[in-house]
$ cat data.txt   # compact mmCIF, C-alpha atoms and all ligand atoms
# COMPACT_ATOMS: atom_id res chain seq x y z
CA MET A 530 100.68 41.41 56.47
CA SER A 531 104.19 42.48 57.35
CA ASP A 532 103.23 42.44 61.07
CA GLY A 533 102.07 38.80 60.77
CA SER A 534 98.32 39.57 60.81
CA PHE A 535 95.78 38.03 58.44
CA PRO A 536 95.52 39.83 55.03
CA GLY A 537 92.43 42.01 55.07
CA GLY A 538 92.14 42.15 58.90
CA PRO A 539 90.08 40.27 61.47
CA ALA A 540 86.81 40.28 59.47
CA ARG A 541 88.44 38.52 56.51
CA ARG A 542 90.11 36.03 58.86
CA ALA A 543 86.74 35.15 60.46
CA GLY A 544 85.24 34.76 57.01
CA PHE A 545 88.03 32.40 55.99
CA PHE A 546 87.49 30.08 58.92
CA ILE A 547 83.68 30.02 58.43
CA PHE A 548 84.39 29.12 54.78
CA LEU A 549 86.45 26.11 55.88
CA PHE A 550 83.39 24.67 57.67
CA LEU A 551 80.85 25.25 54.88
CA PRO A 552 79.36 22.01 53.47
CA PRO A 553 80.94 22.31 49.98
CA PHE A 554 84.38 22.48 51.61
CA PRO A 555 84.92 18.93 52.81
CA LEU A 556 88.16 19.38 54.76
CA PHE A 557 86.41 20.15 58.05
CA SER A 558 82.69 19.78 57.36
CA VAL A 559 82.86 16.01 56.73
CA PRO A 560 84.58 15.15 60.05
CA LEU A 561 82.28 17.64 61.77
CA CYS A 562 79.15 15.93 60.41
CA ALA A 563 80.57 12.53 61.34
CA LEU A 564 81.09 13.80 64.90
CA CYS A 565 77.51 15.08 65.11
CA VAL A 566 76.10 11.77 63.88
CA LYS A 567 78.27 9.83 66.35
CA ASN A 568 77.07 12.04 69.24
CA LEU A 569 73.49 11.57 68.23
CA LEU A 570 73.84 7.81 68.11
CA PHE A 571 76.09 7.06 71.05
CA ASN A 572 76.11 10.04 73.42
CA PHE A 573 72.34 10.23 73.81
CA PRO A 574 71.48 10.90 77.48
CA THR A 575 71.78 7.50 79.17
CA SER A 576 68.58 8.03 81.19
CA TYR A 577 66.61 7.17 78.06
CA TYR A 578 67.97 3.64 78.15
CA PRO A 579 67.89 0.99 80.89
CA SER A 580 71.26 1.45 82.58
CA PRO A 581 73.67 -1.47 82.28
CA LEU A 582 75.81 0.10 85.03
CA PRO A 583 76.56 -1.68 88.30
CA PRO A 584 75.23 -0.13 91.56
CA THR A 585 76.74 3.29 92.24
CA TYR A 586 77.56 2.28 95.82
CA PRO A 587 80.15 -0.28 96.86
CA THR A 588 78.72 -3.53 98.18
CA PRO A 589 78.40 -3.36 101.12
CA MET A 590 78.04 0.43 101.23
CA PHE A 591 79.30 0.48 104.83
CA PRO A 592 81.94 -2.02 106.05
CA GLU A 593 80.02 -2.63 109.27
CA ILE A 594 77.12 -4.29 107.41
CA GLU A 595 77.03 -8.02 108.06
CA ARG A 596 74.36 -9.18 105.66
CA THR A 597 71.52 -8.02 103.47
CA LEU A 598 67.98 -9.11 104.29
CA PHE A 599 66.25 -7.44 101.33
CA THR A 600 67.83 -6.02 98.21
CA LYS A 601 66.78 -2.89 96.34
CA ASP A 602 64.93 -4.96 93.75
CA GLN A 603 63.07 -7.05 96.32
CA ILE A 604 62.04 -3.90 98.17
CA ALA A 605 60.90 -2.13 95.00
CA ALA A 606 58.82 -5.13 93.90
CA ARG A 607 57.15 -5.45 97.30
CA VAL A 608 56.42 -1.71 97.51
CA LYS A 609 54.58 -1.97 94.19
CA GLU A 610 52.48 -4.86 95.49
CA LEU A 611 51.64 -2.98 98.69
CA ALA A 612 50.62 0.03 96.62
CA GLN A 613 48.21 -2.14 94.63
CA GLU A 614 46.65 -3.47 97.85
CA ILE A 615 46.25 0.06 99.21
CA VAL A 616 44.68 1.33 95.99
CA ARG A 617 42.20 -1.57 95.95
CA ASP A 618 41.12 -0.88 99.55
CA LEU A 619 40.89 2.88 99.05
CA GLU A 620 38.80 2.37 95.94
CA THR A 621 36.36 0.20 97.90
CA ASP A 622 36.25 2.59 100.87
CA LEU A 623 35.79 5.67 98.69
CA ALA A 624 33.06 4.02 96.64
CA LYS A 625 31.05 3.53 99.84
CA ASP A 626 30.67 7.30 100.11
CA ASP A 627 30.33 7.88 96.36
CA HIS A 628 33.85 9.12 95.82
CA SER A 629 36.68 8.08 93.54
CA LEU A 630 40.46 7.89 93.89
CA GLN A 631 40.74 11.20 92.10
CA ASP A 632 38.40 13.18 94.36
CA GLU A 633 40.07 15.89 96.40
CA ASN A 634 40.39 16.08 100.13
CA ARG A 635 39.49 12.44 100.87
CA VAL A 636 42.75 10.53 101.46
CA ILE A 637 45.51 11.41 103.91
CA ILE A 638 48.69 9.34 104.22
CA ILE A 639 50.44 9.68 107.57
CA PRO A 640 54.11 8.61 107.58
CA ILE A 641 55.65 8.13 111.01
CA MET A 642 58.92 9.99 110.86
CA THR A 643 61.76 9.56 110.47
CA GLY A 644 61.99 5.84 109.72
CA ALA A 645 59.07 5.70 107.26
CA MET A 646 60.46 8.52 105.12
CA ILE A 647 62.00 6.45 102.33
CA PHE A 648 59.34 3.73 102.33
CA VAL A 649 56.58 6.34 102.01
CA ALA A 650 58.47 8.33 99.38
CA ASP A 651 58.65 5.19 97.23
CA LEU A 652 55.14 3.98 97.99
CA ILE A 653 53.18 7.17 97.27
CA ARG A 654 54.76 7.37 93.82
CA GLU A 655 53.00 4.09 93.07
CA LEU A 656 49.60 5.42 94.20
CA PRO A 657 47.44 6.97 91.47
CA VAL A 658 45.37 8.66 94.17
CA LYS A 659 44.63 12.30 94.96
CA LEU A 660 46.17 12.28 98.42
CA SER A 661 47.81 14.59 100.88
CA LEU A 662 50.48 13.87 103.48
CA GLY A 663 50.25 14.56 107.20
CA LEU A 664 53.54 13.87 108.92
CA THR A 665 53.98 12.85 112.50
CA SER A 666 57.02 11.91 114.50
CA VAL A 667 57.26 9.22 117.17
CA ARG A 668 60.39 8.23 119.02
CA SER A 669 60.79 4.81 120.60
CA TYR A 670 64.46 3.96 119.94
CA PRO A 671 66.24 7.12 121.18
CA GLY A 672 69.92 7.55 120.23
CA ALA A 673 71.91 4.34 120.14
CA SER A 674 69.07 2.12 121.45
CA ILE A 675 68.38 -1.23 119.83
CA SER A 676 65.25 -1.98 121.83
CA SER A 677 62.08 0.03 122.39
CA LYS A 678 62.10 2.55 125.21
CA GLY A 679 58.35 3.20 124.86
CA ALA A 680 56.69 5.32 122.19
CA HIS A 681 56.58 9.11 122.62
CA LEU A 682 54.85 11.47 120.24
CA GLU A 683 57.35 14.12 119.14
CA SER A 684 55.01 16.18 116.98
CA ASP A 685 51.27 16.69 116.85
CA LEU A 686 49.20 14.66 114.45
CA PRO A 687 47.20 16.50 111.77
CA ASP A 688 43.87 17.74 113.19
CA ASN A 689 41.80 17.52 109.99
CA LEU A 690 41.20 13.78 109.87
CA THR A 691 37.45 13.63 110.55
CA GLY A 692 35.61 11.88 107.72
CA LYS A 693 38.85 11.21 105.78
CA HIS A 694 40.39 7.94 104.68
CA ILE A 695 43.64 7.59 106.58
CA VAL A 696 46.59 5.29 105.91
CA VAL A 697 49.30 5.36 108.60
CA LEU A 698 52.66 4.02 107.48
CA ASP A 699 55.69 3.10 109.55
CA ASP A 700 59.01 1.46 108.77
CA ILE A 701 58.75 -1.45 111.20
CA LEU A 702 56.34 -3.01 113.70
CA ASP A 703 58.10 -4.23 116.82
CA SER A 704 56.42 -4.05 120.24
CA GLY A 705 53.38 -2.37 118.65
CA GLN A 706 53.49 0.71 120.90
CA THR A 707 54.19 3.25 118.15
CA LEU A 708 51.29 2.25 115.92
CA ALA A 709 48.95 1.72 118.88
CA LEU A 710 49.69 5.25 120.10
CA VAL A 711 49.13 6.87 116.71
CA LYS A 712 46.02 4.78 116.02
CA ALA A 713 44.39 5.78 119.32
CA ILE A 714 44.97 9.49 118.67
CA ILE A 715 43.61 9.30 115.11
CA LEU A 716 40.49 7.35 116.09
CA LYS A 717 39.49 10.21 118.41
CA GLN A 718 38.98 12.33 115.30
CA ASN A 719 36.50 9.88 113.71
CA PRO A 720 38.10 9.21 110.32
CA ALA A 721 35.97 7.53 107.61
CA SER A 722 38.52 4.68 107.56
CA LEU A 723 41.88 3.98 109.15
CA ARG A 724 44.41 1.45 107.90
CA LEU A 725 47.91 0.73 109.13
CA GLY A 726 50.91 -0.39 107.08
CA VAL A 727 54.55 -1.25 107.74
CA MET A 728 57.45 -2.24 105.56
CA LEU A 729 58.68 -4.75 108.14
CA ASP A 730 56.98 -6.86 110.77
CA LYS A 731 59.44 -8.10 113.38
CA GLN A 732 58.59 -11.48 114.84
CA THR A 733 58.60 -10.41 118.48
CA PRO A 734 55.96 -10.69 121.16
CA ARG A 735 53.86 -7.52 120.97
CA THR A 736 53.44 -5.61 124.21
CA ILE A 737 50.30 -4.12 122.65
CA ASP A 738 48.07 -5.95 120.20
CA VAL A 739 47.96 -3.98 116.98
CA LYS A 740 47.06 -5.41 113.56
CA CYS A 741 48.57 -4.10 110.35
CA ASP A 742 46.56 -4.12 107.12
CA TYR A 743 49.70 -3.96 104.98
CA VAL A 744 53.00 -5.70 105.71
CA GLY A 745 55.99 -5.65 103.35
CA PHE A 746 58.07 -8.45 104.88
CA GLN A 747 58.17 -10.49 108.08
CA ILE A 748 61.62 -10.44 109.66
CA PRO A 749 63.25 -12.35 112.51
CA ASP A 750 63.83 -10.65 115.85
CA GLU A 751 66.97 -8.78 114.80
CA PHE A 752 67.93 -5.12 114.72
CA VAL A 753 67.87 -3.88 111.13
CA VAL A 754 68.95 -0.68 109.41
CA GLY A 755 68.79 0.85 105.94
CA TYR A 756 65.92 1.96 103.72
CA GLY A 757 65.06 4.68 106.25
CA LEU A 758 65.84 2.73 109.43
CA ASP A 759 68.71 4.01 111.54
CA TYR A 760 71.13 3.08 114.23
CA ASP A 761 72.00 6.19 116.26
CA GLY A 762 70.89 8.35 113.33
CA TYR A 763 73.01 6.60 110.67
CA TYR A 764 72.45 4.11 107.83
CA ARG A 765 69.04 5.50 106.78
CA ASN A 766 70.51 6.14 103.33
CA HIS A 767 71.50 2.52 102.74
CA PRO A 768 69.28 1.33 99.88
CA GLU A 769 68.90 -2.21 101.22
CA ILE A 770 67.49 -3.55 104.50
CA VAL A 771 70.50 -4.95 106.33
CA ILE A 772 71.90 -6.24 109.61
CA LEU A 773 74.94 -4.60 111.19
CA ASN A 774 77.73 -6.70 112.58
CA GLN A 775 78.11 -6.87 116.34
CA ASN A 776 81.22 -4.64 116.39
CA ALA A 777 79.13 -1.74 115.11
CA ILE A 778 76.77 -1.98 118.07
CA PRO A 779 78.60 -1.57 121.38
CA LYS A 780 77.61 -4.16 123.97
CA ARG A 781 75.64 -2.86 126.94
P1 LIG A 801 57.46 -0.38 118.38
O1 LIG A 801 56.86 0.87 118.93
O2 LIG A 801 56.50 -1.21 117.56
O3 LIG A 801 58.14 -1.19 119.44
O4 LIG A 801 58.65 0.01 117.46
C1 LIG A 801 58.46 0.64 116.26
C2 LIG A 801 59.52 1.67 116.07
O5 LIG A 801 60.74 1.27 116.66
C3 LIG A 801 59.80 1.87 114.60
O6 LIG A 801 59.09 2.99 114.14
C4 LIG A 801 61.29 2.11 114.57
O7 LIG A 801 61.51 3.49 114.72
C5 LIG A 801 61.83 1.44 115.81
N1 LIG A 801 62.39 0.09 115.52
C6 LIG A 801 61.87 -1.10 115.87
N2 LIG A 801 62.67 -2.11 115.47
C7 LIG A 801 63.70 -1.54 114.84
C8 LIG A 801 64.86 -2.07 114.16
O8 LIG A 801 65.11 -3.28 114.06
N3 LIG A 801 65.71 -1.17 113.63
C9 LIG A 801 65.50 0.17 113.70
N4 LIG A 801 66.39 0.95 113.14
N5 LIG A 801 64.42 0.70 114.30
C10 LIG A 801 63.53 -0.15 114.87
MG MG A 802 59.96 4.86 114.32
$ encode --input "data.txt" --output "structure tokens"
Amino acid sequence: MSDGSFPGGPARRAGFFIFLFLPPFPLFSVPLCALCVKNLLFNFPTSYYPSPLPPTYPTPMFPEIERTLFTKDQIAARVKELAQEIVRDLETDLAKDDHSLQDENRVIIIPIMTGAMIFVADLIRELPVKLSLGLTSVRSYPGASISSKGAHLESDLPDNLTGKHIVVLDDILDSGQTLALVKAIILKQNPASLRLGVMLDKQTPRTIDVKCDYVGFQIPDEFVVGYGLDYDGYYRNHPEIVILNQNAIPKR
């Protein structure tokens, strides 16, 4: 004690502090219980509740965005509707060969990379279907282009499509060359069915006639970015479909 230590040594000191927190000793145990109850009531993980928080990105997310064509909510609602259309058609197609949506090895979704990445990621989570993915990559707007330079396959298509139900999905239909190219290659493998879908259908004259079974939105003839679509590799992460202002796109 004379050296300032607790009487009886460290073990007694630990015992004393534990005693202070025991339920019959209200000095600390009452505030402690109150704290626990408060945490339980108010600090519950927020993901269990609909979030009242504003968007986590500033609006607009990038200063060079001129205007929004479709918001996150509009996109999400339309993706759900497209998913329902796809499920209905797949159900009908599968029934023709005595299969169901849950049968293995029947349905292959082919996203055209990179633009369709976010659209397809959202869409397939709305499909209660036993499906697999077969990626392919087509380039038609190389680098800082804002008009098609002709579609070029950048990676092989899956080679196991015979007898399967195929849904090809792209971000946007413009001249039609990308989807026409992919469609022609897939048809050579004799799939059981082939359907094409896009998030956006740009109102431009097609250089090739190609019909889409699923279209999210029709848009005017403008260059759009966001929700997977890029300009020179950027803006894919913008959660809305937007138009850039002219200063962001150098004049050629
Ligand atoms: P198409 O081959 O039909 O002319 O063009 C389709 C492809 O061109 C899409 O997969 C997309 O990569 C690109 N594309 C067409 N229009 C736009 C657009 O407005 N914005 C962006 N970012 N890409 C586009
Ligand atoms: Mg593309």
$ residues_around --input "data.txt" --residues "Arg735 in chain A" --least-positions-apart "2" --cutoff "8 Å" --atoms "all atoms listed in the file" --output "PyMOL selection string"
chain A and resi 703-705+733+737-739
$ atom_distance --input "data.txt" --atom1 "CA of Leu660 in chain A" --atom2 "CA of Glu614 in chain A"
15.8 Å
$ residues_around --input "data.txt" --residues "range 685-702 of chain A" --least-positions-apart "4" --cutoff "6 Å" --atoms "all atoms listed in the file" --output "MDAnalysis selection string"
chainID A and resid 635:641 644:645 663 665 718:731
$ residues_around --input "data.txt" --residues "Val711 in chain A" --least-positions-apart "2" --cutoff "9 Å" --atoms "all atoms listed in the file" --output "number ranges by chain"
A: 641, 665, 667, 682, 686, 697, 706-709, 713-716
$ atom_distance --input "data.txt" --atom1 "CA of Ile778 in chain A" --atom2 "CA of Tyr760 in chain A"
8.5 Å
$ closest_residue --input "data.txt" --among "A:Ala624, A:Ala606, A:Met642, A:Leu656" --to "Ser684 in chain A" --atoms "only C-alpha atoms"
A:Met642
$ axis_aligned_box --input "data.txt" --around "range 693-710 of chain A" --padding-each-side "8 Å" --output "AutoDock Vina command-line options"
--center_x 48.9 --center_y 3.5 --center_z 112.8 --size_x 36.2 --size_y 31.4 --size_z 32.2
$ atom_distance --input "data.txt" --atom1 "CA of Thr597 in chain A" --atom2 "atom P1 of ligand LIG 801 (chain A)"
21.9 Å
$ closest_residue --input "data.txt" --among "A:Gln747, A:Asn774, A:Gln732, A:Thr643" --to "ligand MG 802 (chain A)" --atoms "only C-alpha atoms and all ligand atoms"
A:Thr643
$ build_atoms --input "data.txt" --residues "range 722-754 of chain A" --atoms "N, CA and C atoms" --output "short mmCIF file (atom, residue, chain, number, x, y, z; two decimals), in the frame of the given file"
data_model
loop_
_atom_site.label_atom_id
_atom_site.label_comp_id
_atom_site.auth_asym_id
_atom_site.auth_seq_id
_atom_site.Cartn_x
_atom_site.Cartn_y
_atom_site.Cartn_z
N SER A 722 37.86 6.00 107.44
CA SER A 722 38.52 4.68 107.56
C SER A 722 39.95 4.91 108.04
N LEU A 723 40.49 3.90 108.68
CA LEU A 723 41.88 3.98 109.15
C LEU A 723 42.55 2.64 108.90
N ARG A 724 43.63 2.67 108.14
CA ARG A 724 44.41 1.45 107.90
C ARG A 724 45.86 1.70 108.27
N LEU A 725 46.52 0.62 108.69
CA LEU A 725 47.91 0.73 109.13
C LEU A 725 48.79 -0.13 108.23
N GLY A 726 49.98 0.38 107.91
CA GLY A 726 50.91 -0.39 107.08
C GLY A 726 52.34 -0.24 107.56
N VAL A 727 53.12 -1.30 107.41
CA VAL A 727 54.55 -1.25 107.74
C VAL A 727 55.34 -1.97 106.65
N MET A 728 56.57 -1.54 106.49
CA MET A 728 57.45 -2.24 105.56
C MET A 728 57.88 -3.57 106.16
N LEU A 729 58.17 -3.55 107.48
CA LEU A 729 58.68 -4.75 108.14
C LEU A 729 57.86 -5.09 109.37
N ASP A 730 57.68 -6.38 109.57
CA ASP A 730 56.98 -6.86 110.77
C ASP A 730 57.94 -7.79 111.49
N LYS A 731 58.44 -7.31 112.64
CA LYS A 731 59.44 -8.10 113.38
C LYS A 731 58.73 -9.15 114.21
N GLN A 732 59.23 -10.38 114.11
CA GLN A 732 58.59 -11.48 114.84
C GLN A 732 58.99 -11.45 116.31
N THR A 733 58.37 -10.52 117.04
CA THR A 733 58.60 -10.41 118.48
C THR A 733 57.25 -10.44 119.18
N PRO A 734 57.24 -10.78 120.45
CA PRO A 734 55.96 -10.69 121.16
C PRO A 734 55.55 -9.23 121.25
N ARG A 735 54.34 -8.90 120.86
CA ARG A 735 53.86 -7.52 120.97
C ARG A 735 53.56 -7.21 122.44
N THR A 736 53.90 -6.01 122.87
CA THR A 736 53.44 -5.61 124.21
C THR A 736 52.03 -5.03 124.11
N ILE A 737 51.66 -4.59 122.90
CA ILE A 737 50.30 -4.12 122.65
C ILE A 737 49.82 -4.81 121.38
N ASP A 738 48.58 -5.25 121.38
CA ASP A 738 48.07 -5.95 120.20
C ASP A 738 47.64 -4.92 119.15
N VAL A 739 48.34 -4.89 118.06
CA VAL A 739 47.96 -3.98 116.98
C VAL A 739 48.11 -4.73 115.65
N LYS A 740 47.06 -4.67 114.84
CA LYS A 740 47.06 -5.41 113.56
C LYS A 740 47.36 -4.47 112.41
N CYS A 741 48.26 -4.92 111.54
CA CYS A 741 48.57 -4.10 110.35
C CYS A 741 47.82 -4.62 109.14
N ASP A 742 47.27 -3.71 108.35
CA ASP A 742 46.56 -4.12 107.12
C ASP A 742 47.56 -4.43 106.01
N TYR A 743 48.71 -3.77 106.04
CA TYR A 743 49.70 -3.96 104.98
C TYR A 743 51.06 -4.24 105.61
N VAL A 744 51.67 -5.34 105.19
CA VAL A 744 53.00 -5.70 105.71
C VAL A 744 53.90 -6.04 104.52
N GLY A 745 55.04 -5.36 104.44
CA GLY A 745 55.99 -5.65 103.35
C GLY A 745 56.61 -7.02 103.53
N PHE A 746 57.39 -7.18 104.60
CA PHE A 746 58.07 -8.45 104.88
C PHE A 746 58.01 -8.75 106.37
N GLN A 747 57.96 -10.04 106.69
CA GLN A 747 58.17 -10.49 108.08
C GLN A 747 59.67 -10.65 108.26
N ILE A 748 60.18 -10.23 109.41
CA ILE A 748 61.62 -10.44 109.66
C ILE A 748 61.82 -11.09 111.02
N PRO A 749 62.97 -11.78 111.19
CA PRO A 749 63.25 -12.35 112.51
C PRO A 749 63.52 -11.24 113.53
N ASP A 750 63.62 -11.63 114.77
CA ASP A 750 63.83 -10.65 115.85
C ASP A 750 65.28 -10.16 115.85
N GLU A 751 65.61 -9.33 114.88
CA GLU A 751 66.97 -8.78 114.80
C GLU A 751 66.88 -7.28 114.55
N PHE A 752 67.92 -6.56 114.93
CA PHE A 752 67.93 -5.12 114.72
C PHE A 752 68.39 -4.82 113.30
N VAL A 753 67.55 -4.13 112.54
CA VAL A 753 67.87 -3.88 111.13
C VAL A 753 68.03 -2.38 110.87
N VAL A 754 68.78 -2.08 109.83
CA VAL A 754 68.95 -0.68 109.41
C VAL A 754 68.86 -0.60 107.88
#
